[in-house]
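Asks: See my_file23.pdb below, with PDB, C-alpha atoms.
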```
ATOM      1  CA  MET A   1     -93.110  35.553 -22.855
ATOM      2  CA  SER A   2     -89.528  34.390 -22.345
ATOM      3  CA  THR A   3     -86.743  36.901 -22.553
ATOM      4  CA  PRO A   4     -84.113  36.001 -25.170
ATOM      5  CA  PHE A   5     -80.534  35.628 -24.016
ATOM      6  CA  PRO A   6     -78.217  38.478 -24.902
ATOM      7  CA  PRO A   7     -76.337  37.884 -28.147
ATOM      8  CA  GLU A   8     -73.104  37.220 -26.341
ATOM      9  CA  PHE A   9     -74.659  34.149 -24.627
ATOM     10  CA  SER A  10     -76.758  32.852 -27.481
ATOM     11  CA  GLU A  11     -73.942  30.888 -29.136
ATOM     12  CA  PRO A  12     -71.069  28.901 -27.626
ATOM     13  CA  ILE A  13     -67.765  30.699 -27.555
ATOM     14  CA  ALA A  14     -65.259  29.164 -29.960
ATOM     15  CA  PRO A  15     -61.935  28.088 -28.388
ATOM     16  CA  PRO A  16     -58.913  30.109 -29.425
ATOM     17  CA  PRO A  17     -57.024  28.663 -32.376
ATOM     18  CA  PRO A  18     -54.011  26.537 -31.373
ATOM     19  CA  GLN A  19     -50.735  28.380 -31.409
ATOM     20  CA  ARG A  20     -48.476  27.377 -34.228
ATOM     21  CA  ARG A  21     -44.832  26.780 -33.429
ATOM     22  CA  SER A  22     -42.028  27.290 -35.850
ATOM     23  CA  PRO A  23     -40.293  24.201 -37.294
ATOM     24  CA  VAL A  24     -37.276  24.991 -35.121
ATOM     25  CA  ALA A  25     -39.424  25.113 -31.964
ATOM     26  CA  ASN A  26     -41.011  21.758 -32.903
ATOM     27  CA  VAL A  27     -37.566  20.172 -32.759
ATOM     28  CA  PHE A  28     -37.356  21.015 -29.060
ATOM     29  CA  ILE A  29     -40.997  21.185 -27.908
ATOM     30  CA  GLY A  30     -43.575  18.392 -28.208
ATOM     31  CA  PRO A  31     -47.118  17.834 -26.917
ATOM     32  CA  ARG A  32     -45.765  17.290 -23.391
ATOM     33  CA  GLY A  33     -43.308  20.156 -23.378
ATOM     34  CA  LEU A  34     -39.561  19.726 -23.834
ATOM     35  CA  ARG A  35     -39.014  16.558 -25.857
ATOM     36  CA  ALA A  36     -37.743  13.436 -24.109
ATOM     37  CA  GLY A  37     -34.341  13.323 -25.788
ATOM     38  CA  TRP A  38     -33.573  16.934 -24.884
ATOM     39  CA  ARG A  39     -34.646  16.286 -21.284
ATOM     40  CA  ALA A  40     -32.235  13.386 -21.055
ATOM     41  CA  LEU A  41     -29.447  15.446 -22.622
ATOM     42  CA  CYS A  42     -30.073  18.352 -20.217
ATOM     43  CA  PHE A  43     -29.934  15.980 -17.239
ATOM     44  CA  VAL A  44     -26.650  14.439 -18.424
ATOM     45  CA  LEU A  45     -25.071  17.819 -19.174
ATOM     46  CA  ILE A  46     -26.055  19.281 -15.808
ATOM     47  CA  THR A  47     -24.773  16.224 -13.925
ATOM     48  CA  ALA A  48     -21.523  16.090 -15.921
ATOM     49  CA  GLY A  49     -21.038  19.845 -15.649
ATOM     50  CA  LEU A  50     -21.388  19.793 -11.881
ATOM     51  CA  LEU A  51     -18.980  16.859 -11.587
ATOM     52  CA  LEU A  52     -16.418  18.600 -13.781
ATOM     53  CA  GLY A  53     -16.824  21.715 -11.671
ATOM     54  CA  PHE A  54     -16.068  19.769  -8.503
ATOM     55  CA  GLN A  55     -13.069  18.100 -10.151
ATOM     56  CA  PHE A  56     -11.725  21.470 -11.282
ATOM     57  CA  ALA A  57     -12.135  22.906  -7.781
ATOM     58  CA  ILE A  58     -10.422  19.920  -6.157
ATOM     59  CA  SER A  59      -7.554  20.039  -8.665
ATOM     60  CA  HIS A  60      -6.743  23.535  -7.365
ATOM     61  CA  MET A  61      -6.585  22.440  -3.721
ATOM     62  CA  PRO A  62      -3.072  21.005  -3.180
ATOM     63  CA  ALA A  63      -3.752  19.873   0.383
ATOM     64  CA  VAL A  64      -6.875  17.977  -0.687
ATOM     65  CA  LEU A  65      -5.018  16.415  -3.624
ATOM     66  CA  ARG A  66      -2.218  15.189  -1.364
ATOM     67  CA  ALA A  67      -4.755  13.632   1.011
ATOM     68  CA  ILE A  68      -6.570  11.947  -1.876
ATOM     69  CA  HIS A  69      -3.402  10.526  -3.438
ATOM     70  CA  ALA A  70      -2.323   9.206  -0.052
ATOM     71  CA  GLN A  71      -5.576   7.224   0.130
ATOM     72  CA  GLY A  72      -5.484   5.325  -3.123
ATOM     73  CA  GLN A  73      -3.456   3.395  -5.662
ATOM     74  CA  GLU A  74      -3.600   3.660  -9.412
ATOM     75  CA  HIS A  75      -6.072   1.271 -11.100
ATOM     76  CA  VAL A  76      -7.216  -0.104  -7.720
ATOM     77  CA  MET A  77     -10.546   0.544  -6.011
ATOM     78  CA  SER A  78      -9.968   2.391  -2.753
ATOM     79  CA  PRO A  79     -12.996   2.786  -0.455
ATOM     80  CA  GLY A  80     -11.917   6.206   0.807
ATOM     81  CA  LEU A  81     -11.571   7.696  -2.672
ATOM     82  CA  MET A  82     -14.703   6.022  -3.946
ATOM     83  CA  LEU A  83     -16.769   7.271  -1.014
ATOM     84  CA  ILE A  84     -15.869  10.871  -1.869
ATOM     85  CA  SER A  85     -16.434  10.470  -5.608
ATOM     86  CA  GLU A  86     -19.763   8.669  -5.203
ATOM     87  CA  LEU A  87     -21.047  11.217  -2.697
ATOM     88  CA  LEU A  88     -20.322  13.948  -5.236
ATOM     89  CA  ALA A  89     -21.904  11.913  -8.048
ATOM     90  CA  CYS A  90     -25.121  11.350  -6.072
ATOM     91  CA  PHE A  91     -25.270  15.028  -5.129
ATOM     92  CA  CYS A  92     -24.829  16.138  -8.755
ATOM     93  CA  ALA A  93     -27.454  13.703 -10.078
ATOM     94  CA  LEU A  94     -29.993  14.807  -7.453
ATOM     95  CA  VAL A  95     -29.366  18.491  -8.211
ATOM     96  CA  ALA A  96     -29.813  17.828 -11.945
ATOM     97  CA  ALA A  97     -33.004  15.834 -11.326
ATOM     98  CA  THR A  98     -34.369  18.575  -9.060
ATOM     99  CA  LEU A  99     -33.803  21.195 -11.753
ATOM    100  CA  MET A 100     -35.405  19.003 -14.428
ATOM    101  CA  ALA A 101     -38.344  18.251 -12.131
ATOM    102  CA  ARG A 102     -38.985  21.987 -11.885
ATOM    103  CA  VAL A 103     -38.935  22.244 -15.682
ATOM    104  CA  GLU A 104     -41.269  19.253 -16.048
ATOM    105  CA  ASN A 105     -43.538  20.266 -13.155
ATOM    106  CA  ARG A 106     -42.896  16.968 -11.378
ATOM    107  CA  SER A 107     -41.512  15.662  -8.123
ATOM    108  CA  VAL A 108     -38.043  14.081  -8.002
ATOM    109  CA  ALA A 109     -39.801  11.053  -6.484
ATOM    110  CA  ASP A 110     -41.489  10.489  -9.849
ATOM    111  CA  TYR A 111     -38.156   9.292 -11.199
ATOM    112  CA  GLY A 112     -38.489   5.824  -9.695
ATOM    113  CA  LEU A 113     -38.291   6.782  -6.020
ATOM    114  CA  ARG A 114     -41.930   6.368  -5.006
ATOM    115  CA  GLY A 115     -43.166   3.469  -2.949
ATOM    116  CA  ARG A 116     -44.142   4.962   0.422
ATOM    117  CA  GLY A 117     -43.754   2.184   3.022
ATOM    118  CA  LEU A 118     -42.444  -0.237   0.389
ATOM    119  CA  ARG A 119     -39.141   1.569  -0.188
ATOM    120  CA  GLY A 120     -37.336  -0.137   2.691
ATOM    121  CA  ARG A 121     -38.970  -3.475   1.977
ATOM    122  CA  PHE A 122     -37.929  -3.474  -1.679
ATOM    123  CA  PHE A 123     -34.431  -2.242  -0.818
ATOM    124  CA  VAL A 124     -33.837  -5.046   1.703
ATOM    125  CA  GLN A 125     -35.212  -7.609  -0.739
ATOM    126  CA  GLY A 126     -32.810  -6.236  -3.345
ATOM    127  CA  LEU A 127     -29.835  -6.591  -0.987
ATOM    128  CA  VAL A 128     -30.733 -10.249  -0.467
ATOM    129  CA  TRP A 129     -31.101 -10.745  -4.223
ATOM    130  CA  GLY A 130     -27.696  -9.183  -4.878
ATOM    131  CA  ILE A 131     -25.835 -11.222  -2.244
ATOM    132  CA  VAL A 132     -27.508 -14.450  -3.404
ATOM    133  CA  GLU A 133     -26.658 -13.729  -7.056
ATOM    134  CA  ILE A 134     -22.965 -13.051  -6.491
ATOM    135  CA  SER A 135     -22.655 -15.908  -3.985
ATOM    136  CA  SER A 136     -24.212 -18.354  -6.462
ATOM    137  CA  LEU A 137     -21.851 -17.111  -9.161
ATOM    138  CA  MET A 138     -18.722 -17.456  -6.996
ATOM    139  CA  LEU A 139     -19.745 -20.899  -5.742
ATOM    140  CA  ALA A 140     -20.321 -22.050  -9.327
ATOM    141  CA  ILE A 141     -16.843 -20.837 -10.333
ATOM    142  CA  ALA A 142     -15.350 -22.450  -7.210
ATOM    143  CA  ALA A 143     -17.089 -25.745  -8.031
ATOM    144  CA  PHE A 144     -15.085 -25.829 -11.271
ATOM    145  CA  ARG A 145     -11.901 -24.956  -9.352
ATOM    146  CA  GLY A 146     -11.683 -21.426 -10.684
ATOM    147  CA  PHE A 147     -11.873 -19.604  -7.350
ATOM    148  CA  SER A 148     -10.065 -20.016  -4.034
ATOM    149  CA  PHE A 149     -11.284 -18.180  -0.932
ATOM    150  CA  GLY A 150      -7.863 -17.845   0.703
ATOM    151  CA  ASN A 151      -7.391 -16.400   4.209
ATOM    152  CA  LEU A 152      -8.926 -13.413   5.930
ATOM    153  CA  ALA A 153      -7.169 -10.155   5.017
ATOM    154  CA  LEU A 154      -8.830  -7.997   7.693
ATOM    155  CA  HIS A 155      -9.211  -8.424  11.435
ATOM    156  CA  GLY A 156     -10.564  -6.527  14.425
ATOM    157  CA  GLY A 157     -11.094  -2.803  13.992
ATOM    158  CA  GLU A 158      -9.996  -2.819  10.344
ATOM    159  CA  LEU A 159     -12.614  -5.445   9.559
ATOM    160  CA  VAL A 160     -15.379  -3.255  11.025
ATOM    161  CA  LYS A 161     -14.008  -0.087   9.441
ATOM    162  CA  TYR A 162     -13.736  -1.394   5.895
ATOM    163  CA  THR A 163     -16.966  -3.356   6.054
ATOM    164  CA  LEU A 164     -18.811  -0.112   6.821
ATOM    165  CA  LEU A 165     -16.807   1.908   4.287
ATOM    166  CA  TRP A 166     -17.447  -0.515   1.440
ATOM    167  CA  ALA A 167     -21.117  -0.832   2.416
ATOM    168  CA  MET A 168     -21.537   2.961   2.177
ATOM    169  CA  VAL A 169     -19.617   3.088  -1.113
ATOM    170  CA  PHE A 170     -21.806   0.502  -2.803
ATOM    171  CA  LEU A 171     -25.007   1.947  -1.404
ATOM    172  CA  LEU A 172     -24.025   5.227  -3.093
ATOM    173  CA  ILE A 173     -22.983   3.469  -6.316
ATOM    174  CA  GLY A 174     -26.249   1.549  -6.409
ATOM    175  CA  PHE A 175     -28.258   4.705  -5.847
ATOM    176  CA  PHE A 176     -26.341   6.849  -8.352
ATOM    177  CA  GLU A 177     -26.349   4.350 -11.206
ATOM    178  CA  GLU A 178     -29.923   3.179 -10.716
ATOM    179  CA  PHE A 179     -31.300   6.686 -10.205
ATOM    180  CA  THR A 180     -29.407   7.972 -13.258
ATOM    181  CA  PHE A 181     -30.221   5.149 -15.673
ATOM    182  CA  ARG A 182     -33.362   3.423 -14.358
ATOM    183  CA  GLY A 183     -34.663   6.557 -12.679
ATOM    184  CA  TYR A 184     -34.329   9.763 -14.677
ATOM    185  CA  LEU A 185     -33.079   8.561 -18.085
ATOM    186  CA  GLN A 186     -35.561   5.688 -18.237
ATOM    187  CA  HIS A 187     -38.385   8.067 -17.299
ATOM    188  CA  ALA A 188     -37.327  10.558 -19.991
ATOM    189  CA  PHE A 189     -36.706   8.029 -22.769
ATOM    190  CA  GLN A 190     -39.954   6.148 -22.225
ATOM    191  CA  GLN A 191     -41.982   9.307 -22.784
ATOM    192  CA  GLY A 192     -40.685   9.343 -26.323
ATOM    193  CA  MET A 193     -40.637   5.639 -27.196
ATOM    194  CA  GLY A 194     -42.388   3.528 -24.533
ATOM    195  CA  PHE A 195     -41.019   1.506 -21.644
ATOM    196  CA  TRP A 196     -39.147  -1.415 -23.188
ATOM    197  CA  PRO A 197     -37.555   0.428 -26.144
ATOM    198  CA  ALA A 198     -36.370   3.002 -23.583
ATOM    199  CA  ALA A 199     -35.092   0.214 -21.326
ATOM    200  CA  ILE A 200     -33.088  -1.316 -24.183
ATOM    201  CA  LEU A 201     -31.603   2.066 -25.130
ATOM    202  CA  ALA A 202     -30.663   3.021 -21.561
ATOM    203  CA  SER A 203     -29.290  -0.472 -20.858
ATOM    204  CA  THR A 204     -27.161  -0.393 -24.010
ATOM    205  CA  ILE A 205     -25.684   2.948 -22.957
ATOM    206  CA  PHE A 206     -25.119   1.616 -19.433
ATOM    207  CA  GLY A 207     -23.268  -1.456 -20.708
ATOM    208  CA  ALA A 208     -21.201   0.503 -23.240
ATOM    209  CA  LEU A 209     -20.016   2.961 -20.586
ATOM    210  CA  HIS A 210     -18.454   0.056 -18.675
ATOM    211  CA  LEU A 211     -15.951  -0.327 -21.518
ATOM    212  CA  HIS A 212     -14.211   2.769 -20.149
ATOM    213  CA  ASN A 213     -13.239   0.838 -17.001
ATOM    214  CA  VAL A 214      -9.632  -0.330 -16.842
ATOM    215  CA  GLY A 215      -9.551  -4.065 -17.567
ATOM    216  CA  GLU A 216     -13.150  -4.238 -18.833
ATOM    217  CA  ASP A 217     -13.989  -5.964 -22.138
ATOM    218  CA  TRP A 218     -17.063  -6.675 -24.233
ATOM    219  CA  ALA A 219     -18.106  -9.676 -22.114
ATOM    220  CA  GLY A 220     -18.221  -7.619 -18.917
ATOM    221  CA  ALA A 221     -19.999  -4.765 -20.726
ATOM    222  CA  LEU A 222     -22.571  -7.237 -22.050
ATOM    223  CA  MET A 223     -23.208  -8.571 -18.527
ATOM    224  CA  ALA A 224     -23.607  -4.995 -17.258
ATOM    225  CA  GLY A 225     -26.161  -4.334 -19.996
ATOM    226  CA  LEU A 226     -28.077  -7.516 -19.137
ATOM    227  CA  PHE A 227     -28.061  -6.568 -15.469
ATOM    228  CA  ALA A 228     -29.582  -3.241 -16.532
ATOM    229  CA  ILE A 229     -32.385  -5.126 -18.296
ATOM    230  CA  LEU A 230     -32.990  -7.076 -15.068
ATOM    231  CA  ALA A 231     -33.124  -3.791 -13.151
ATOM    232  CA  CYS A 232     -35.625  -2.396 -15.680
ATOM    233  CA  LEU A 233     -37.806  -5.468 -15.154
ATOM    234  CA  THR A 234     -37.832  -4.823 -11.400
ATOM    235  CA  LEU A 235     -38.837  -1.209 -12.103
ATOM    236  CA  ARG A 236     -41.668  -2.359 -14.355
ATOM    237  CA  ARG A 237     -42.940  -4.896 -11.829
ATOM    238  CA  THR A 238     -42.568  -2.880  -8.609
ATOM    239  CA  GLY A 239     -43.007   0.674  -9.869
ATOM    240  CA  SER A 240     -39.781   1.901  -8.257
ATOM    241  CA  ILE A 241     -36.001   1.523  -8.443
ATOM    242  CA  TRP A 242     -35.560   0.524  -4.779
ATOM    243  CA  LEU A 243     -35.343  -3.200  -5.491
ATOM    244  CA  ALA A 244     -32.731  -2.512  -8.193
ATOM    245  CA  ILE A 245     -30.744  -0.214  -5.879
ATOM    246  CA  GLY A 246     -30.534  -2.946  -3.244
ATOM    247  CA  MET A 247     -29.722  -5.610  -5.822
ATOM    248  CA  HIS A 248     -26.964  -3.474  -7.354
ATOM    249  CA  ALA A 249     -25.449  -2.561  -3.989
ATOM    250  CA  GLY A 250     -25.598  -6.117  -2.639
ATOM    251  CA  TYR A 251     -24.040  -7.646  -5.756
ATOM    252  CA  ASP A 252     -21.150  -5.160  -5.921
ATOM    253  CA  PHE A 253     -20.509  -5.347  -2.166
ATOM    254  CA  GLY A 254     -20.347  -9.131  -2.330
ATOM    255  CA  GLU A 255     -18.111  -9.153  -5.386
ATOM    256  CA  THR A 256     -15.656  -6.480  -4.234
ATOM    257  CA  PHE A 257     -15.548  -6.862  -0.465
ATOM    258  CA  LEU A 258     -16.875 -10.294   0.564
ATOM    259  CA  TYR A 259     -15.267 -12.315  -2.237
ATOM    260  CA  SER A 260     -12.495  -9.763  -2.918
ATOM    261  CA  VAL A 261     -12.351 -10.147  -6.712
ATOM    262  CA  PRO A 262     -12.119  -7.567  -9.524
ATOM    263  CA  ASP A 263     -15.298  -5.610 -10.260
ATOM    264  CA  SER A 264     -15.626  -4.534 -13.915
ATOM    265  CA  GLY A 265     -11.911  -5.116 -14.367
ATOM    266  CA  VAL A 266     -10.740  -3.158 -11.306
ATOM    267  CA  PRO A 267      -9.296  -5.058  -8.303
ATOM    268  CA  PRO A 268     -10.182  -3.828  -4.796
ATOM    269  CA  SER A 269      -8.001  -2.773  -1.885
ATOM    270  CA  HIS A 270      -8.783  -3.408   1.798
ATOM    271  CA  SER A 271     -11.178  -6.247   1.019
ATOM    272  CA  LEU A 272     -12.091  -9.220   3.194
ATOM    273  CA  LEU A 273     -10.109 -12.106   1.676
ATOM    274  CA  HIS A 274      -6.801 -13.006   0.064
ATOM    275  CA  SER A 275      -8.795 -14.749  -2.648
ATOM    276  CA  THR A 276      -7.641 -15.757  -6.137
ATOM    277  CA  LEU A 277      -9.212 -16.503  -9.498
ATOM    278  CA  HIS A 278      -7.436 -19.133 -11.609
ATOM    279  CA  GLY A 279      -8.415 -20.999 -14.727
ATOM    280  CA  PRO A 280      -9.680 -20.177 -18.222
ATOM    281  CA  SER A 281     -11.293 -16.805 -18.884
ATOM    282  CA  TRP A 282     -14.638 -18.350 -19.836
ATOM    283  CA  LEU A 283     -14.822 -19.674 -16.269
ATOM    284  CA  THR A 284     -13.313 -16.885 -14.177
ATOM    285  CA  GLY A 285     -13.879 -13.874 -16.421
ATOM    286  CA  GLY A 286     -10.145 -13.221 -16.681
ATOM    287  CA  ALA A 287      -9.042  -9.647 -15.973
ATOM    288  CA  VAL A 288     -12.674  -8.492 -15.999
ATOM    289  CA  GLY A 289     -13.515 -10.606 -12.960
ATOM    290  CA  PRO A 290     -16.535 -12.863 -12.404
ATOM    291  CA  GLU A 291     -18.784 -10.574 -14.481
ATOM    292  CA  GLY A 292     -17.028 -11.941 -17.576
ATOM    293  CA  SER A 293     -17.655 -15.583 -16.637
ATOM    294  CA  ILE A 294     -20.101 -17.722 -18.588
ATOM    295  CA  PHE A 295     -21.783 -18.424 -15.264
ATOM    296  CA  ALA A 296     -22.572 -14.705 -14.889
ATOM    297  CA  LEU A 297     -24.783 -15.006 -17.965
ATOM    298  CA  VAL A 298     -26.474 -18.099 -16.507
ATOM    299  CA  MET A 299     -27.127 -16.341 -13.188
ATOM    300  CA  LEU A 300     -28.555 -13.251 -14.884
ATOM    301  CA  VAL A 301     -30.941 -15.306 -16.995
ATOM    302  CA  LEU A 302     -32.070 -17.230 -13.907
ATOM    303  CA  ALA A 303     -32.538 -13.963 -12.006
ATOM    304  CA  ILE A 304     -34.686 -12.503 -14.807
ATOM    305  CA  VAL A 305     -36.871 -15.609 -14.832
ATOM    306  CA  ALA A 306     -37.159 -15.549 -11.015
ATOM    307  CA  VAL A 307     -38.130 -11.859 -10.932
ATOM    308  CA  HIS A 308     -40.714 -12.528 -13.643
ATOM    309  CA  PHE A 309     -42.497 -15.091 -11.465
ATOM    310  CA  ILE A 310     -41.906 -13.620  -7.992
ATOM    311  CA  TYR A 311     -43.030 -10.096  -8.935
ATOM    312  CA  PRO A 312     -45.975 -10.668 -11.305
ATOM    313  CA  PRO A 313     -47.812  -7.765 -12.953
ATOM    314  CA  ASN A 314     -50.562  -6.547 -10.638
ATOM    315  CA  ARG A 315     -53.493  -4.222 -11.032
ATOM    316  CA  TRP A 316     -51.498  -1.005 -10.871
ATOM    317  CA  THR A 317     -48.428  -2.024 -12.900
ATOM    318  CA  ALA A 318     -50.563  -3.673 -15.579
ATOM    319  CA  GLY A 319     -52.466  -0.434 -16.187
ATOM    320  CA  MET A 320     -49.547   1.924 -15.766
ATOM    321  CA  HIS A 321     -49.095   4.340 -18.642
ATOM    322  CA  ASP A 322     -45.637   4.414 -20.160
ATOM    323  CA  GLU A 323     -45.236   8.108 -19.506
ATOM    324  CA  THR A 324     -45.881   7.663 -15.790
ATOM    325  CA  ALA A 325     -44.250   4.285 -15.151
ATOM    326  CA  GLY A 326     -42.154   4.534 -12.056
ATOM    327  CA  ALA A 327     -44.640   6.725 -10.181
ATOM    328  CA  MET A 328     -46.619   4.489  -7.858
ATOM    329  CA  PRO A 329     -50.295   5.384  -7.286
ATOM    330  CA  ARG A 330     -50.679   6.328  -3.661
ATOM    331  CA  ASN A 331     -53.582   4.036  -2.843
ATOM    332  CA  LEU A 332     -52.292   0.757  -4.259
ATOM    333  CA  SER A 333     -49.409  -1.557  -3.462
ATOM    334  CA  PRO A 334     -47.897  -4.636  -5.149
ATOM    335  CA  ARG A 335     -49.114  -8.090  -4.231
ATOM    336  CA  ILE A 336     -45.913  -9.660  -2.985
TER     337      ILE A 336
END
```
Would you give me this structure, written as structure tokens?

Replies:
Amino acid sequence: MSTPFPPEFSEPIAPPPPQRRSPVANVFIGPRGLRAGWRALCFVLITAGLLLGFQFAISHMPAVLRAIHAQGQEHVMSPGLMLISELLACFCALVAATLMARVENRSVADYGLRGRGLRGRFFVQGLVWGIVEISSLMLAIAAFRGFSFGNLALHGGELVKYTLLWAMVFLLIGFFEEFTFRGYLQHAFQQGMGFWPAAILASTIFGALHLHNVGEDWAGALMAGLFAILACLTLRRTGSIWLAIGMHAGYDFGETFLYSVPDSGVPPSHSLLHSTLHGPSWLTGGAVGPEGSIFALVMLVLAIVAVHFIYPPNRWTAGMHDETAGAMPRNLSPRI
């Protein structure tokens, strides 16, 4: 005769009832923990707070201030000043992302930095994309007699020095802006609304922030927002921001240093050429620089179409969940 199970094993144990949160807690906490909007706000506040802290500390160092003012000119991009500011910006963004990764139980690499052996490959491809884009734009403006190359402004040791300085500056700018907007903020926003609504929101913010630049106007801000959409497309198709980082760095380096024209309304110092823009604003972009030219819109549209065909959806991007887009599975790679 079989022995009956003890009463405690005769029936399945019911799971504990779900904990009920207060209405106030529901504002901040969702099914995946801290809600996406609050995550984004925390990241921005931490980054901005750290930057303000550094600025406050520097403002109380007279010797450092004198050295900084000796480096630059008002309303002009100086590579020495920009190198310092972008180093601090990258540091602050990485610290903020590290803290948020701890809160979210993630790796910082999940914010668009995965790719294993493809990181360098995508980055180099992006550099080529960026140089080709800005070169095509400047040649188109020159073809309509809106741009003159002029003579070389740098020679010998100065040429080497400022080439390296500007290259480092724009590598840092590309990393900071792409990691901030297409890395962390895109990752946070898309958890709440999906990839493309998040991309449109982050790109709109990115473009609008350019209006704070001296000499910028709505046309340049619109081009910045469209470039952000292009960068989001590269993230969607490659699973990382490395292509966008290279593209961003290459474009800005070409615009500011190689062709020596205003970038987002700010003229450069210690650039390669004594070049000039002349002609109507629709052609040259006016005070904004080439980003405000009608040809900038044409080039961006062509770049979006080219990325669409050159980096087609593959078996890992096509099945990527919105909440994990940007984190590349470790056993798959894109077919390009």

Asks: Step by step, work through what the PyMOL selection byres ((chain A and resi 171) around 9) selects in the shown file, and finish by giving those residues as a PDB file with C-alpha atoms, in the frame of the given file.

Replies:
```
ATOM      1  CA  TRP A 166     -17.447  -0.515   1.440  1.00  0.00           C
ATOM      2  CA  ALA A 167     -21.117  -0.832   2.416  1.00  0.00           C
ATOM      3  CA  MET A 168     -21.537   2.961   2.177  1.00  0.00           C
ATOM      4  CA  VAL A 169     -19.617   3.088  -1.113  1.00  0.00           C
ATOM      5  CA  PHE A 170     -21.806   0.502  -2.803  1.00  0.00           C
ATOM      6  CA  LEU A 172     -24.025   5.227  -3.093  1.00  0.00           C
ATOM      7  CA  ILE A 173     -22.983   3.469  -6.316  1.00  0.00           C
ATOM      8  CA  GLY A 174     -26.249   1.549  -6.409  1.00  0.00           C
ATOM      9  CA  PHE A 175     -28.258   4.705  -5.847  1.00  0.00           C
ATOM     10  CA  PHE A 176     -26.341   6.849  -8.352  1.00  0.00           C
ATOM     11  CA  ILE A 245     -30.744  -0.214  -5.879  1.00  0.00           C
ATOM     12  CA  GLY A 246     -30.534  -2.946  -3.244  1.00  0.00           C
ATOM     13  CA  HIS A 248     -26.964  -3.474  -7.354  1.00  0.00           C
ATOM     14  CA  ALA A 249     -25.449  -2.561  -3.989  1.00  0.00           C
ATOM     15  CA  GLY A 250     -25.598  -6.117  -2.639  1.00  0.00           C
ATOM     16  CA  PHE A 253     -20.509  -5.347  -2.166  1.00  0.00           C
TER      17      PHE A 253
END
```

Asks: Residues within 7 Å of A:Trp242, please, as a tab-separated table (two decimals) with C-alpha atoms, keeping the file's coordinate frame. Count all atoms listed in the file; anything in the same chain fewer than 2 positions from it doesn't count.

Replies:
```
chain	number	residue	atom	x	y	z
A	113	LEU	CA	-38.29	6.78	-6.02
A	119	ARG	CA	-39.14	1.57	-0.19
A	122	PHE	CA	-37.93	-3.47	-1.68
A	123	PHE	CA	-34.43	-2.24	-0.82
A	240	SER	CA	-39.78	1.90	-8.26
A	244	ALA	CA	-32.73	-2.51	-8.19
A	245	ILE	CA	-30.74	-0.21	-5.88
A	246	GLY	CA	-30.53	-2.95	-3.24
```

Asks: Mind telling me what the PyMOL selection byres ((chain A and resi 292) around 10) catches here, as a PyMOL selection string?

Replies: chain A and resi 216-224+263-265+281-291+293-297

Asks: Could the residues in this selection be saved with C-alpha atoms as a PDB file, in the coordinates of the input?

Replies:
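The resulting file, out31.pdb, is reproduced below:
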```
ATOM      1  CA  GLU A 216     -13.150  -4.238 -18.833  1.00  0.00           C
ATOM      2  CA  ASP A 217     -13.989  -5.964 -22.138  1.00  0.00           C
ATOM      3  CA  TRP A 218     -17.063  -6.675 -24.233  1.00  0.00           C
ATOM      4  CA  ALA A 219     -18.106  -9.676 -22.114  1.00  0.00           C
ATOM      5  CA  GLY A 220     -18.221  -7.619 -18.917  1.00  0.00           C
ATOM      6  CA  ALA A 221     -19.999  -4.765 -20.726  1.00  0.00           C
ATOM      7  CA  LEU A 222     -22.571  -7.237 -22.050  1.00  0.00           C
ATOM      8  CA  MET A 223     -23.208  -8.571 -18.527  1.00  0.00           C
ATOM      9  CA  ALA A 224     -23.607  -4.995 -17.258  1.00  0.00           C
ATOM     10  CA  ASP A 263     -15.298  -5.610 -10.260  1.00  0.00           C
ATOM     11  CA  SER A 264     -15.626  -4.534 -13.915  1.00  0.00           C
ATOM     12  CA  GLY A 265     -11.911  -5.116 -14.367  1.00  0.00           C
ATOM     13  CA  SER A 281     -11.293 -16.805 -18.884  1.00  0.00           C
ATOM     14  CA  TRP A 282     -14.638 -18.350 -19.836  1.00  0.00           C
ATOM     15  CA  LEU A 283     -14.822 -19.674 -16.269  1.00  0.00           C
ATOM     16  CA  THR A 284     -13.313 -16.885 -14.177  1.00  0.00           C
ATOM     17  CA  GLY A 285     -13.879 -13.874 -16.421  1.00  0.00           C
ATOM     18  CA  GLY A 286     -10.145 -13.221 -16.681  1.00  0.00           C
ATOM     19  CA  ALA A 287      -9.042  -9.647 -15.973  1.00  0.00           C
ATOM     20  CA  VAL A 288     -12.674  -8.492 -15.999  1.00  0.00           C
ATOM     21  CA  GLY A 289     -13.515 -10.606 -12.960  1.00  0.00           C
ATOM     22  CA  PRO A 290     -16.535 -12.863 -12.404  1.00  0.00           C
ATOM     23  CA  GLU A 291     -18.784 -10.574 -14.481  1.00  0.00           C
ATOM     24  CA  SER A 293     -17.655 -15.583 -16.637  1.00  0.00           C
ATOM     25  CA  ILE A 294     -20.101 -17.722 -18.588  1.00  0.00           C
ATOM     26  CA  PHE A 295     -21.783 -18.424 -15.264  1.00  0.00           C
ATOM     27  CA  ALA A 296     -22.572 -14.705 -14.889  1.00  0.00           C
ATOM     28  CA  LEU A 297     -24.783 -15.006 -17.965  1.00  0.00           C
TER      29      LEU A 297
END
```

Asks: Put the listed atoms of stretch 211-214 of chain A in a box along x, y and z with 3 Å added on every side and give me the centre and edge lengths in Å to one decimal, as JSON.

Replies:
```
{"center_x": -12.8, "center_y": 1.2, "center_z": -19.2, "size_x": 12.3, "size_y": 9.1, "size_z": 10.7}
```

Asks: Write out as a VMD selection string each polymer residue whose atoms come within 10 Å of A:Leu185, counting all atoms listed in the file; drop sequence neighbours fewer than 3 positions from it.

Replies: chain A and resid 36 to 37 39 to 41 43 to 44 97 111 178 to 182 188 to 190 198 to 199 201 to 202

Asks: I'd like to know which of A:Gly225, A:Phe56, A:Ile304, A:Gly146 is closest to A:His210, using all atoms listed in the file.

Replies: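 So, comparing all the options, the nearest one is A:Gly225.
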